[in-house]
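Reviewing the structure listed below.
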Amino acid sequence: MKTVVCREPFSLAVEDRPSPSPKPGEAIVRIRRIGLCGTDYHIYAGRHPFLAYPRVMGHELSGEIEHVPEGSAFRVGQVVAINPYLACGTCIACRKGKPNACVSISVLGVHADGGMAERIAIPQSALFDAGALTLDQAAMIEFLAIGAHAVSRAGLLPGDRVLVVGAGPIGVGTGLFARFSGARVTLADTRPTRLAFARDHLAFDDTVEAGPDLPTALAEATGGEMFDAVFDATGSLSAMAQSLGYVAHGGTLVLVGVAPGDLVFPDPEFHKRETTLVASRNALLDDFDRVKQAILDGLIPTDVLHTHSLKAEDIPTSMPDLIASADHVLKAIARF
Ligand SMILES: [Zn+2]
Ligand SMILES: [Zn+2]
């Protein structure tokens with residue numbers, strides 16, 4: 001079967017590999033769609049901290065079931081999305097219902113080989129019924145679930161002022177789910193093209209370019225009060241540290257992105273707000289369910305978010321262009 005392999009940083013190739021055979025409890029999925037995201041770009045560029053090469057990337061996946069174990073609730077031919085976060089089920093986080101933060105989590109396409117292949121063998125617990133969603137929509141569940149999860153971590157109330165810093169796919173997904181919670185959402189990004197896209201196509205009317213004047217602009221926009229909740233979706237340590245200054249007194253800072261290194265805050269600024277500081281990691285199946293329902297309800301314009309299409313076989317040649325034109329790519333989806 002055709003498999004796109006990242007042999008080492010900046011080296012992608014289509015290899016012919018044997019199709020997988022299922023172990024007990026495993027399903028075989030014929031992969032049909034693979035969403036590409038910043039994680040893949042980081043792996044390709046050798047910037048991912050925990051990664052051994054060669055690696056088959058691909059964690060935003062949809063496809064059709066080719067094999068399921070006896071007695072499965074799933075059936076051959078069914079369209080599924082894949083929950084790429086394989087958790088141990090027994091560690092302290094798993095016991096608390098937080099498999100997204102499993103001590104020994106293995107994420108398909110990151111810690112383990114993922115779905116840039118015509119077939120994948122996975123535990124059947126990783127299958128997610130896509131229902132009436134299209135293959136493209138099903139492949140978008142995972143990245144949107146990251147935003148849905150981040151919003152669930154913030155405990156928003158209707159009317160809350162929310163700032164999302166970073167208007168890439170994760171930031172936009174976070175903004176959409178914050179809006180569904182009844183919050184008033186402002187998006188900030190250093191890239192005007194991303195803000196224009198969010199304004200023109202997703203009705204985010206309040207956008208601010210992130211530059212030296214950002215603190216002043218945000219203070220003016222909020223009568224000096226700043227935001228009930230600030231979500232950082234940049235993965236930049238300096239942006240994460242600055243975001244504390246945009247949190248209202250009594251507010252919450254949610255770190256959706258992750259960055260290698262130490263995050264440093266001035267304690268008086270943190271303390272005087274009685275800041276609630278929250279990390280948001282991956283997503284839960286509840287988040288997958290909420291994303292699916294929101295798409296079915298027509299609340300998420302998936303055709304607008306899906307800006308680029310390509311053949312999976314063309315990932316090796318297209319990857320550099322996708323990275324170079326990142327300001328104009330919201331979600332690229334490859335197909336087998
Ligand atoms: Zn992703
Ligand atoms: Zn666990």
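Naming scheme: A, B, ... for chains in displayed order of the structure tokens; residues 1 onward per chain; ligands 1 onward as shown.
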
(message) Just list as a ChimeraX atom specification whatever in segment 120-243 of chain A DSSP marks as helix (DSSP H, G or I).
(response) /A:124-126,135-139,141-154,169-180,192-202,214-221,237-243

(message) I'd like the contact shell of Pro266 of chain A - 10 Å cut-off, only C-alpha atoms, skipping same-chain residues fewer than 6 positions apart - returned as a list in words.
(response)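 Surrounding residues, per the criterion: Ala241, Leu244 and Gly245 of chain A.
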
(request) Kindly compile the residues surrounding ligand 1 within 9 Å, counting only C-alpha atoms and all ligand atoms, and format them as a PyMOL selection string. (result) chain A and resi 35-40+58-60+140+142-143+146+169-170

Export, as a JSON list (two decimals), in the first residue's frame, the selected residues with N, CA, C and O atoms.
```json
[["chain", "number", "residue", "atom", "x", "y", "z"],
["A", 35, "GLY", "N", -6.25, 15.37, 7.14],
["A", 35, "GLY", "CA", -6.05, 16.80, 7.33],
["A", 35, "GLY", "C", -4.61, 17.06, 7.72],
["A", 35, "GLY", "O", -4.00, 16.28, 8.45],
["A", 36, "LEU", "N", -4.06, 18.14, 7.18],
["A", 36, "LEU", "CA", -2.68, 18.50, 7.51],
["A", 36, "LEU", "C", -2.69, 19.69, 8.45],
["A", 36, "LEU", "O", -3.55, 20.57, 8.33],
["A", 37, "CYS", "N", -1.76, 19.71, 9.39],
["A", 37, "CYS", "CA", -1.76, 20.83, 10.33],
["A", 37, "CYS", "C", -0.36, 21.18, 10.78],
["A", 37, "CYS", "O", 0.61, 20.58, 10.34],
["A", 38, "GLY", "N", -0.29, 22.14, 11.67],
["A", 38, "GLY", "CA", 0.99, 22.64, 12.17],
["A", 38, "GLY", "C", 1.85, 21.53, 12.75],
["A", 38, "GLY", "O", 3.07, 21.55, 12.62],
["A", 39, "THR", "N", 1.22, 20.55, 13.38],
["A", 39, "THR", "CA", 1.99, 19.43, 13.94],
["A", 39, "THR", "C", 2.77, 18.73, 12.83],
["A", 39, "THR", "O", 3.96, 18.42, 12.98],
["A", 40, "ASP", "N", 2.10, 18.47, 11.70],
["A", 40, "ASP", "CA", 2.78, 17.81, 10.58],
["A", 40, "ASP", "C", 3.91, 18.69, 10.05],
["A", 40, "ASP", "O", 4.99, 18.20, 9.73],
["A", 58, "GLY", "N", 0.17, 12.05, 10.13],
["A", 58, "GLY", "CA", -1.26, 11.97, 9.83],
["A", 58, "GLY", "C", -2.08, 11.60, 11.05],
["A", 58, "GLY", "O", -2.08, 10.44, 11.48],
["A", 59, "HIS", "N", -2.76, 12.59, 11.62],
["A", 59, "HIS", "CA", -3.59, 12.34, 12.82],
["A", 59, "HIS", "C", -5.00, 12.90, 12.65],
["A", 59, "HIS", "O", -5.83, 12.73, 13.53],
["A", 60, "GLU", "N", -5.28, 13.61, 11.54],
["A", 60, "GLU", "CA", -6.64, 14.15, 11.32],
["A", 60, "GLU", "C", -7.25, 13.30, 10.21],
["A", 60, "GLU", "O", -7.12, 13.60, 9.03],
["A", 140, "MET", "N", -12.11, 16.69, 9.64],
["A", 140, "MET", "CA", -11.93, 17.98, 10.32],
["A", 140, "MET", "C", -12.37, 17.93, 11.78],
["A", 140, "MET", "O", -12.19, 18.91, 12.53],
["A", 142, "GLU", "N", -11.17, 16.30, 14.34],
["A", 142, "GLU", "CA", -10.12, 16.31, 15.36],
["A", 142, "GLU", "C", -9.61, 17.72, 15.64],
["A", 142, "GLU", "O", -9.53, 18.14, 16.79],
["A", 143, "PHE", "N", -9.31, 18.48, 14.58],
["A", 143, "PHE", "CA", -8.73, 19.80, 14.88],
["A", 143, "PHE", "C", -9.77, 20.73, 15.50],
["A", 143, "PHE", "O", -9.46, 21.56, 16.36],
["A", 146, "ILE", "N", -10.13, 20.18, 19.25],
["A", 146, "ILE", "CA", -9.12, 20.83, 20.10],
["A", 146, "ILE", "C", -9.70, 22.16, 20.62],
["A", 146, "ILE", "O", -9.57, 22.51, 21.79],
["A", 169, "PRO", "N", -5.95, 27.46, 12.34],
["A", 169, "PRO", "CA", -7.07, 26.51, 12.47],
["A", 169, "PRO", "C", -7.52, 26.30, 13.92],
["A", 169, "PRO", "O", -8.72, 26.27, 14.20],
["A", 170, "ILE", "N", -6.57, 26.16, 14.83],
["A", 170, "ILE", "CA", -6.95, 25.91, 16.23],
["A", 170, "ILE", "C", -7.60, 27.15, 16.83],
["A", 170, "ILE", "O", -8.62, 27.07, 17.53]]
```

(message) Residues contacting ligand 2 - anything with an atom at most 6 Å away, using only C-alpha atoms and all ligand atoms - can you give me those as JSON, numbers by chain?
(response) {"A": [87, 88, 89, 90, 91, 93, 94, 99, 102, 103, 104]}

Output of the above residues as a short mmCIF file (atom, residue, chain, number, x, y, z; two decimals), in the first residue's frame, restricted to all heavy atoms:
```cif
data_model
loop_
_atom_site.label_atom_id
_atom_site.label_comp_id
_atom_site.auth_asym_id
_atom_site.auth_seq_id
_atom_site.Cartn_x
_atom_site.Cartn_y
_atom_site.Cartn_z
N ALA A 87 -4.82 6.11 24.54
CA ALA A 87 -4.51 6.24 25.97
C ALA A 87 -4.42 4.86 26.60
O ALA A 87 -4.96 3.88 26.09
CB ALA A 87 -5.60 7.06 26.66
N CYS A 88 -3.72 4.79 27.77
CA CYS A 88 -3.47 3.48 28.39
C CYS A 88 -4.70 2.93 29.09
O CYS A 88 -4.85 1.72 29.24
CB CYS A 88 -2.30 3.59 29.37
SG CYS A 88 -2.71 4.39 30.95
N GLY A 89 -5.58 3.82 29.56
CA GLY A 89 -6.80 3.38 30.24
C GLY A 89 -6.63 3.08 31.71
O GLY A 89 -7.62 2.81 32.40
N THR A 90 -5.40 3.09 32.23
CA THR A 90 -5.21 2.70 33.63
C THR A 90 -4.46 3.74 34.46
O THR A 90 -4.46 3.66 35.68
CB THR A 90 -4.41 1.37 33.72
OG1 THR A 90 -3.17 1.55 33.03
CG2 THR A 90 -5.18 0.22 33.10
N CYS A 91 -3.82 4.71 33.85
CA CYS A 91 -3.01 5.66 34.61
C CYS A 91 -3.91 6.63 35.39
O CYS A 91 -5.13 6.61 35.25
CB CYS A 91 -2.08 6.44 33.69
SG CYS A 91 -2.93 7.73 32.73
N ALA A 93 -4.52 9.79 35.08
CA ALA A 93 -5.36 10.67 34.25
C ALA A 93 -6.50 9.88 33.62
O ALA A 93 -7.66 10.33 33.60
CB ALA A 93 -4.51 11.35 33.18
N CYS A 94 -6.19 8.70 33.10
CA CYS A 94 -7.24 7.86 32.49
C CYS A 94 -8.30 7.50 33.53
O CYS A 94 -9.49 7.52 33.24
CB CYS A 94 -6.63 6.60 31.89
SG CYS A 94 -5.72 6.91 30.35
N PRO A 99 -8.36 10.83 29.45
CA PRO A 99 -7.42 10.11 28.59
C PRO A 99 -6.64 11.05 27.68
O PRO A 99 -5.57 10.69 27.18
CB PRO A 99 -8.32 9.17 27.78
CG PRO A 99 -9.67 9.81 27.81
CD PRO A 99 -9.76 10.48 29.16
N CYS A 102 -3.36 11.39 29.25
CA CYS A 102 -2.79 10.10 29.67
C CYS A 102 -1.28 10.22 29.87
O CYS A 102 -0.59 10.84 29.06
CB CYS A 102 -3.11 9.04 28.62
SG CYS A 102 -2.29 7.46 28.90
N VAL A 103 -0.81 9.61 30.94
CA VAL A 103 0.63 9.65 31.26
C VAL A 103 1.45 9.07 30.11
O VAL A 103 2.54 9.56 29.80
CB VAL A 103 0.89 8.85 32.56
CG1 VAL A 103 2.38 8.69 32.81
CG2 VAL A 103 0.21 9.54 33.75
N SER A 104 0.94 8.01 29.49
CA SER A 104 1.72 7.39 28.40
C SER A 104 0.95 7.47 27.08
O SER A 104 0.88 6.50 26.34
CB SER A 104 2.05 5.94 28.76
OG SER A 104 0.90 5.25 29.21
#
```

(request) Excluding Thr190 of chain A and residues on its chain fewer than 4 positions from it, collect all residues at most 9 Å away from it, counting only C-alpha atoms, and give them as a PyMOL selection string. (result) chain A and resi 166-167+194-195+208-211

(message) Taking 5 positions as the minimum chain separation for residues in the same chain, which residues sit within 7 Å of segment 126-132 of chain A when counting only C-alpha atoms? Answer as a list of chain:residue names.
(response)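 Result of the neighbour search: A:Val79, A:Val80, A:Ala81, A:Ile82, A:Asn83, A:Pro84, A:Ala138.
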